[in-house]
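**Student:** Structure: coords14.cif, mmCIF, C-alpha atoms.
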```cif
data_query
#
loop_
_atom_site.label_atom_id
_atom_site.label_comp_id
_atom_site.auth_asym_id
_atom_site.auth_seq_id
_atom_site.Cartn_x
_atom_site.Cartn_y
_atom_site.Cartn_z
CA MET Z 1 54.78 -30.31 141.97
CA THR Z 2 51.46 -31.82 142.98
CA ASP Z 3 50.59 -35.46 142.51
CA THR Z 4 48.10 -34.53 139.77
CA PRO Z 5 49.74 -34.34 136.31
CA GLN Z 6 49.49 -30.97 134.59
CA THR Z 7 47.00 -30.99 131.70
CA TRP Z 8 47.74 -28.65 128.81
CA LEU Z 9 45.15 -26.87 126.67
CA ASN Z 10 45.06 -29.65 124.10
CA GLY Z 11 44.41 -32.23 126.83
CA ASP Z 12 47.94 -33.67 126.72
CA SER Z 13 48.87 -34.48 130.30
CA GLN Z 14 52.39 -35.52 129.23
CA ALA Z 15 53.48 -32.29 127.55
CA GLY Z 16 55.01 -30.91 130.74
CA ARG Z 17 57.19 -33.92 131.49
CA LEU Z 18 60.90 -33.44 132.07
CA PRO Z 19 63.69 -35.72 130.83
CA LEU Z 20 65.67 -37.25 133.66
CA SER Z 21 68.90 -35.97 132.14
CA ALA Z 22 67.68 -32.39 132.74
CA LEU Z 23 67.89 -33.00 136.48
CA GLU Z 24 71.56 -33.89 136.29
CA HIS Z 25 72.29 -31.01 133.93
CA HIS Z 26 70.54 -28.58 136.27
CA ALA Z 27 72.38 -29.92 139.32
CA TYR Z 28 75.67 -29.41 137.48
CA CYS Z 29 74.82 -25.97 136.08
CA PRO Z 30 71.39 -24.36 135.56
CA ARG Z 31 72.69 -22.34 132.61
CA GLN Z 32 74.01 -25.48 130.91
CA ALA Z 33 70.65 -27.16 131.49
CA ALA Z 34 68.83 -24.20 129.91
CA LEU Z 35 71.12 -24.15 126.88
CA ILE Z 36 70.46 -27.84 126.27
CA HIS Z 37 66.78 -28.15 127.15
CA LEU Z 38 65.48 -24.64 126.40
CA ASP Z 39 67.64 -23.53 123.45
CA GLY Z 40 68.44 -26.98 122.07
CA VAL Z 41 72.19 -26.31 122.08
CA PHE Z 42 74.61 -29.20 122.43
CA THR Z 43 78.25 -29.45 121.42
CA ASP Z 44 80.53 -32.46 121.74
CA ASN Z 45 84.01 -32.45 123.20
CA VAL Z 46 86.45 -35.15 124.26
CA ASP Z 47 84.53 -35.91 127.45
CA THR Z 48 81.14 -36.23 125.74
CA ALA Z 49 82.70 -38.43 123.04
CA ARG Z 50 84.15 -40.69 125.72
CA GLY Z 51 80.71 -40.83 127.30
CA ASP Z 52 79.14 -41.86 124.00
CA VAL Z 53 81.61 -44.71 123.64
CA ALA Z 54 81.06 -45.85 127.23
CA HIS Z 55 77.28 -45.78 126.75
CA ALA Z 56 77.26 -47.47 123.33
CA ARG Z 57 76.09 -50.78 124.75
CA VAL Z 58 73.75 -49.66 127.48
CA HIS Z 59 71.96 -47.05 125.35
CA SER Z 60 70.68 -49.69 122.94
CA PRO Z 61 67.41 -51.34 124.08
CA SER Z 62 67.79 -55.08 124.44
CA PRO Z 63 65.93 -58.10 125.77
CA ALA Z 64 66.80 -59.41 129.21
CA ILE Z 65 70.46 -60.43 129.34
CA PRO Z 66 71.39 -63.18 131.81
CA LEU Z 67 74.46 -62.58 133.96
CA PRO Z 68 77.07 -65.33 134.54
CA ARG Z 69 75.78 -68.81 135.40
CA GLY Z 70 74.49 -69.06 138.94
CA SER Z 71 73.47 -65.42 139.16
CA ARG Z 72 69.85 -64.71 139.96
CA VAL Z 73 70.08 -61.21 138.53
CA ARG Z 74 69.03 -60.32 135.01
CA GLN Z 75 69.74 -57.07 133.20
CA ILE Z 76 67.71 -54.96 130.81
CA THR Z 77 69.52 -52.14 129.01
CA GLY Z 78 68.02 -49.01 127.51
CA MET Z 79 64.79 -49.37 129.49
CA GLN Z 80 62.29 -46.52 129.16
CA VAL Z 81 60.92 -45.28 132.49
CA TRP Z 82 58.52 -42.54 133.54
CA SER Z 83 56.61 -41.05 136.44
CA ASP Z 84 53.16 -39.58 135.87
CA ARG Z 85 53.11 -38.44 139.49
CA HIS Z 86 56.25 -36.32 139.19
CA GLY Z 87 56.15 -35.58 135.45
CA LEU Z 88 59.45 -37.28 134.58
CA TYR Z 89 60.63 -39.64 131.86
CA GLY Z 90 63.84 -41.07 130.49
CA ILE Z 91 65.92 -44.15 129.77
CA CYS Z 92 67.83 -46.24 132.28
CA ASP Z 93 71.22 -47.42 131.11
CA VAL Z 94 70.73 -50.70 132.97
CA VAL Z 95 68.05 -52.09 135.26
CA GLU Z 96 68.95 -55.23 137.22
CA PHE Z 97 66.05 -57.48 138.16
CA THR Z 98 65.67 -60.25 140.67
CA ALA Z 99 62.45 -62.10 141.44
CA SER Z 100 61.51 -59.41 143.97
CA SER Z 101 63.50 -56.26 143.18
CA ALA Z 102 64.73 -53.85 140.51
CA VAL Z 103 67.79 -51.59 140.73
CA PRO Z 104 68.66 -48.92 138.12
CA VAL Z 105 72.37 -48.59 137.32
CA GLU Z 106 73.40 -45.29 135.73
CA HIS Z 107 76.72 -45.39 133.84
CA LYS Z 108 79.05 -42.38 134.01
CA VAL Z 109 82.38 -42.02 132.26
CA GLY Z 110 83.98 -39.78 134.91
CA ARG Z 111 84.77 -40.27 138.55
CA TYR Z 112 81.90 -40.54 140.98
CA LEU Z 113 81.12 -37.54 143.14
CA PRO Z 114 79.14 -38.41 146.31
CA ASP Z 115 75.92 -36.40 146.48
CA GLY Z 116 76.73 -35.05 143.02
CA PRO Z 117 74.54 -34.52 139.95
CA ALA Z 118 74.57 -38.20 138.96
CA ASP Z 119 72.80 -39.08 142.21
CA LEU Z 120 69.79 -37.01 141.16
CA GLN Z 121 69.52 -38.78 137.82
CA ALA Z 122 69.92 -42.26 139.33
CA GLY Z 123 67.56 -41.45 142.19
CA ALA Z 124 64.94 -40.14 139.77
CA GLN Z 125 65.18 -43.40 137.83
CA ALA Z 126 64.43 -45.26 141.06
CA LEU Z 127 61.42 -42.99 141.69
CA CYS Z 128 60.08 -43.84 138.24
CA LEU Z 129 60.59 -47.57 138.73
CA ARG Z 130 58.86 -47.47 142.12
CA GLU Z 131 55.82 -45.97 140.44
CA MET Z 132 55.89 -48.34 137.45
CA LEU Z 133 56.60 -51.67 139.13
CA THR Z 134 55.20 -53.77 141.94
CA LEU Z 135 58.77 -54.90 142.71
CA ASP Z 136 60.89 -53.42 145.48
CA VAL Z 137 63.28 -50.69 144.27
CA PRO Z 138 65.53 -50.38 147.33
CA TYR Z 139 68.18 -48.03 145.91
CA ALA Z 140 69.95 -46.96 142.72
CA GLU Z 141 73.57 -47.29 141.65
CA VAL Z 142 76.03 -45.21 139.65
CA PHE Z 143 78.74 -47.13 137.81
CA SER Z 144 81.87 -45.04 137.23
CA HIS Z 145 83.93 -46.09 134.21
CA ALA Z 146 86.83 -44.04 135.59
CA ASP Z 147 87.26 -46.17 138.71
CA ARG Z 148 85.36 -49.27 137.48
CA ARG Z 149 83.19 -49.30 140.60
CA ARG Z 150 79.54 -49.15 141.50
CA HIS Z 151 78.36 -46.58 144.02
CA ARG Z 152 75.10 -47.05 145.86
CA VAL Z 153 72.63 -44.18 145.90
CA GLU Z 154 70.11 -44.40 148.72
CA LEU Z 155 66.76 -42.88 147.84
CA THR Z 156 66.39 -40.89 151.04
CA ASP Z 157 63.77 -38.25 151.73
CA GLN Z 158 66.51 -35.65 151.36
CA LEU Z 159 67.50 -36.90 147.88
CA THR Z 160 63.85 -37.09 146.83
CA ASP Z 161 63.39 -33.47 147.93
CA ARG Z 162 66.46 -32.46 145.90
CA ILE Z 163 65.10 -34.25 142.83
CA LEU Z 164 61.69 -32.59 143.05
CA HIS Z 165 63.24 -29.19 143.80
CA ALA Z 166 65.50 -29.48 140.74
CA ALA Z 167 62.49 -30.49 138.64
CA ALA Z 168 60.52 -27.47 139.84
CA GLN Z 169 63.41 -25.11 139.11
CA MET Z 170 63.91 -26.65 135.67
CA ARG Z 171 60.24 -26.14 134.85
CA THR Z 172 60.55 -22.49 135.85
CA ILE Z 173 63.49 -22.11 133.48
CA LEU Z 174 61.60 -23.76 130.61
CA ALA Z 175 58.56 -21.56 131.21
CA GLY Z 176 60.67 -18.40 131.00
CA ASN Z 177 62.48 -16.71 128.14
CA ARG Z 178 65.86 -15.98 129.72
CA LEU Z 179 68.90 -18.10 130.39
CA PRO Z 180 70.10 -18.26 133.99
CA THR Z 181 73.05 -16.00 134.78
CA ALA Z 182 76.45 -17.50 134.06
CA VAL Z 183 78.59 -18.32 137.09
CA PRO Z 184 82.16 -18.79 135.77
CA ASP Z 185 84.17 -21.29 137.78
CA ARG Z 186 86.21 -24.45 137.31
CA ARG Z 187 83.21 -26.36 135.95
CA CYS Z 188 83.41 -24.27 132.78
CA ARG Z 189 86.83 -25.59 131.81
CA ARG Z 190 85.48 -29.03 130.91
CA CYS Z 191 82.02 -27.99 129.76
CA SER Z 192 81.40 -28.72 126.08
CA LEU Z 193 79.10 -25.68 125.89
CA ALA Z 194 81.70 -23.12 127.01
CA ASP Z 195 81.88 -21.52 123.56
CA ASP Z 196 78.08 -21.30 123.38
CA CYS Z 197 77.68 -20.06 126.95
CA LEU Z 198 80.60 -17.56 126.99
CA PRO Z 199 80.53 -17.59 130.81
CA ALA Z 200 83.25 -15.02 131.49
CA LEU Z 201 81.78 -12.56 128.98
CA THR Z 202 78.13 -12.90 129.97
CA ALA Z 203 78.88 -12.79 133.69
CA SER Z 204 80.99 -9.65 133.25
CA ARG Z 205 78.02 -7.77 131.82
CA THR Z 206 76.65 -7.41 135.33
CA LEU Z 207 79.87 -5.75 136.51
CA ASP Z 208 81.08 -2.22 135.86
CA PRO Z 209 84.03 -2.68 133.47
CA PHE Z 210 86.05 -0.21 135.51
CA THR Z 211 85.30 -1.88 138.83
CA PRO Z 212 87.84 -4.48 140.03
CA ARG Z 213 86.44 -7.98 140.12
CA PRO Z 214 85.72 -9.48 143.55
CA ALA Z 215 88.63 -11.32 145.12
CA GLY Z 216 88.79 -14.91 143.96
CA HIS Z 217 86.68 -14.29 140.84
CA TRP Z 218 87.41 -16.78 138.08
CA HIS Z 219 89.31 -15.25 135.16
CA GLY Z 220 89.22 -18.19 132.72
#
```
Can you present the structure in this file as C-alpha cells?
**Tutor:**
Amino acid sequence: MTDTPQTWLNGDSQAGRLPLSALEHHAYCPRQAALIHLDGVFTDNVDTARGDVAHARVHSPSPAIPLPRGSRVRQITGMQVWSDRHGLYGICDVVEFTASSAVPVEHKVGRYLPDGPADLQAGAQALCLREMLTLDVPYAEVFSHADRRRHRVELTDQLTDRILHAAAQMRTILAGNRLPTAVPDRRCRRCSLADDCLPALTASRTLDPFTPRPAGHWHG
C-alpha cells in the first residue's frame, strides 16, 4: 500500500481501513479471516469464551491507571489507535506510558508462539502508535495468560513487511467475492468457525472423489 490513503467515491478516505484483528486472523488462516471480516460470521467456543473473560478488563476504555507506588509507568486500557499511512485501526488492550515512551501490550489467552499471528497484531499496534505519538515506541509486547509472561515483539523491518503484506492480501480478499480455499489441518480442530467453514468438505471438492488423498492429508 502507498503512503497516500485511498479515497473512495464519496470522499471518505477511511472507508478502506482494516481492523488490526484482521491481520492476526489472516496470519492464522486466510479463510477464517474472510469468514469473519467478509461474511460477518463469528461463532464462540470454549477458547473464545476464555478469551472474552481474560479481556474483560482490558477491553473497557479507562483513564490512566497508575501502577504500584514507585513505578514510573502508567497504563491506559482499551485505547483506540489508527494509521492513516497504512490504513489500519483498532484497539490496544493496554498501552504503557513513561515520560518518553509508549509500549502496546496485547493480551492473549493461549500460549505465545514466537513469530506467530499475535506478533502481527501487536506490531501493527506499535506502527499505529509511532504514527500517532511523538513518543518513542521501541517495541510491542504480547502477554500470554497461559504462561503468565510477557513476550517482547521487536518491530523489525521483516515484521513490518509481514504486516503490510498481510494487510494487502486481506484487502484483496475483501475486494473479491470468494472465500479462500480451505486448507484442513490441525488448526481446524480448535477453530470456532469449523462448522461454518466445513474445511474437510470444501477442500475435498477440488479432489476427484475416487482419487486417493495425498499422503499425510488431514482427515479430521
**Student:** Atom CA of Pro184 of chain Z to atom CA of Asp196 of chain Z: how many Å, to one decimal?
**Tutor:**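 About the pair atom CA of Pro184 of chain Z and atom CA of Asp196 of chain Z: they are 13.3 Å apart.
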**Student:** Quick one: residues within 7 Å of His151 of chain Z, all atoms listed in the file, excluding same-chain residues fewer than 4 positions away - as a list in words?
**Tutor:**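 Counting only the stated atoms, we get Glu141, Val142 and Phe143 of chain Z.
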**Student:** If you apply the PyMOL selection byres ((chain Z and resi 110-116) around 10) to this file, what residues do you get, as a ChimeraX atom specification?
**Tutor:** /Z:24,27-28,47,50-51,107-109,117-121,142-153,159
**Student:** Between atom CA of Ser71 of chain Z and atom CA of Leu20 of chain Z, what is the spacing in Å?
**Tutor:**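 Between atom CA of Leu20 of chain Z and atom CA of Ser71 of chain Z the gap is 29.7 Å.
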**Student:** Let me make sure I understand: among Z:Leu155, Z:Ala167, Z:Gln125, Z:Glu106, which one has the smallest atom-to-atom distance to Leu23 of chain Z if we use all atoms listed in the file?
**Tutor:** Z:Ala167
**Student:** I need the residue nearest Val183 of chain Z from this list: Z:Pro199, Z:Gln169, Z:Gln32, Z:Tyr139. Use all atoms listed in the file for the distance.
**Tutor:**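 Of Z:Pro199, Z:Gln169, Z:Gln32, Z:Tyr139, the one nearest Val183 of chain Z is Z:Pro199, counting all atoms listed in the file.
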**Student:** Compare Z:Cys29, Z:Ala124, Z:Val94, Z:Ile36 by their minimum atom-to-atom distance to Ile163 of chain Z, counting all atoms listed in the file, and give me the closest one.
**Tutor:**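 Closest to Ile163 of chain Z of all the choices is Z:Ala124.
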**Student:** Applied to this file, what does the PyMOL selection byres ((chain Z and resi 170) around 8) return in terms of residues, put as a list in words?
**Tutor:**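 Answer for the PyMOL selection byres ((chain Z and resi 170) around 8): Ala22, Leu23, His26, Pro30, Ala33, Ala34, Ala166, Ala167, Ala168, Gln169, Arg171, Thr172, Ile173 and Leu174 of chain Z.
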**Student:** How would you write, as a list of chain:residue names, the residues chosen by the PyMOL selection byres ((chain Z and resi 178) around 10) on this structure?
**Tutor:**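 Applied to this file, the PyMOL selection byres ((chain Z and resi 178) around 10) selects Z:Arg31, Z:Ala34, Z:Leu38, Z:Asp39, Z:Ile173, Z:Leu174, Z:Ala175, Z:Gly176, Z:Asn177, Z:Leu179, Z:Pro180, Z:Thr181.
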**Student:** Just the number, please: distance in Å from atom CA of Cys188 of chain Z to atom CA of Arg162 of chain Z, one decimal.
**Tutor:** 22.9 Å
**Student:** Within 12 Å of (56.0, -48.7, 133.6), only C-alpha atoms: residues as a list of chain:residue names?
**Tutor:** Z:Met79, Z:Gln80, Z:Val81, Z:Trp82, Z:Ser83, Z:Asp84, Z:Leu88, Z:Tyr89, Z:Gly90, Z:Ile91, Z:Gln125, Z:Ala126, Z:Leu127, Z:Cys128, Z:Leu129, Z:Arg130, Z:Glu131, Z:Met132, Z:Leu133, Z:Thr134, Z:Leu135
**Student:** Write the residues of the selection above to a file with C-alpha atoms, as a PDB file, keeping the file's coordinate frame.
**Tutor:**
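Heads up, here's the output in out-v8.pdb:
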```pdb
ATOM      1  CA  MET Z  79      64.790 -49.370 129.490  1.00  0.00           C
ATOM      2  CA  GLN Z  80      62.290 -46.520 129.160  1.00  0.00           C
ATOM      3  CA  VAL Z  81      60.920 -45.280 132.490  1.00  0.00           C
ATOM      4  CA  TRP Z  82      58.520 -42.540 133.540  1.00  0.00           C
ATOM      5  CA  SER Z  83      56.610 -41.050 136.440  1.00  0.00           C
ATOM      6  CA  ASP Z  84      53.160 -39.580 135.870  1.00  0.00           C
ATOM      7  CA  LEU Z  88      59.450 -37.280 134.580  1.00  0.00           C
ATOM      8  CA  TYR Z  89      60.630 -39.640 131.860  1.00  0.00           C
ATOM      9  CA  GLY Z  90      63.840 -41.070 130.490  1.00  0.00           C
ATOM     10  CA  ILE Z  91      65.920 -44.150 129.770  1.00  0.00           C
ATOM     11  CA  GLN Z 125      65.180 -43.400 137.830  1.00  0.00           C
ATOM     12  CA  ALA Z 126      64.430 -45.260 141.060  1.00  0.00           C
ATOM     13  CA  LEU Z 127      61.420 -42.990 141.690  1.00  0.00           C
ATOM     14  CA  CYS Z 128      60.080 -43.840 138.240  1.00  0.00           C
ATOM     15  CA  LEU Z 129      60.590 -47.570 138.730  1.00  0.00           C
ATOM     16  CA  ARG Z 130      58.860 -47.470 142.120  1.00  0.00           C
ATOM     17  CA  GLU Z 131      55.820 -45.970 140.440  1.00  0.00           C
ATOM     18  CA  MET Z 132      55.890 -48.340 137.450  1.00  0.00           C
ATOM     19  CA  LEU Z 133      56.600 -51.670 139.130  1.00  0.00           C
ATOM     20  CA  THR Z 134      55.200 -53.770 141.940  1.00  0.00           C
ATOM     21  CA  LEU Z 135      58.770 -54.900 142.710  1.00  0.00           C
TER      22      LEU Z 135
END
```
**Student:** Closest to Val95 of chain Z among Z:Thr77, Z:Thr156, Z:Ser21, Z:Ser192, using all atoms listed in the file?
**Tutor:** Z:Thr77
**Student:** Need the axis-aligned box for segment 94-113 of chain Z with 5 Å each side, so what are the centre and edges in Å to one decimal, as JSON?
**Tutor:**
```
{"center_x": 73.1, "center_y": -49.8, "center_z": 138.1, "size_x": 33.3, "size_y": 34.6, "size_z": 21.7}
```
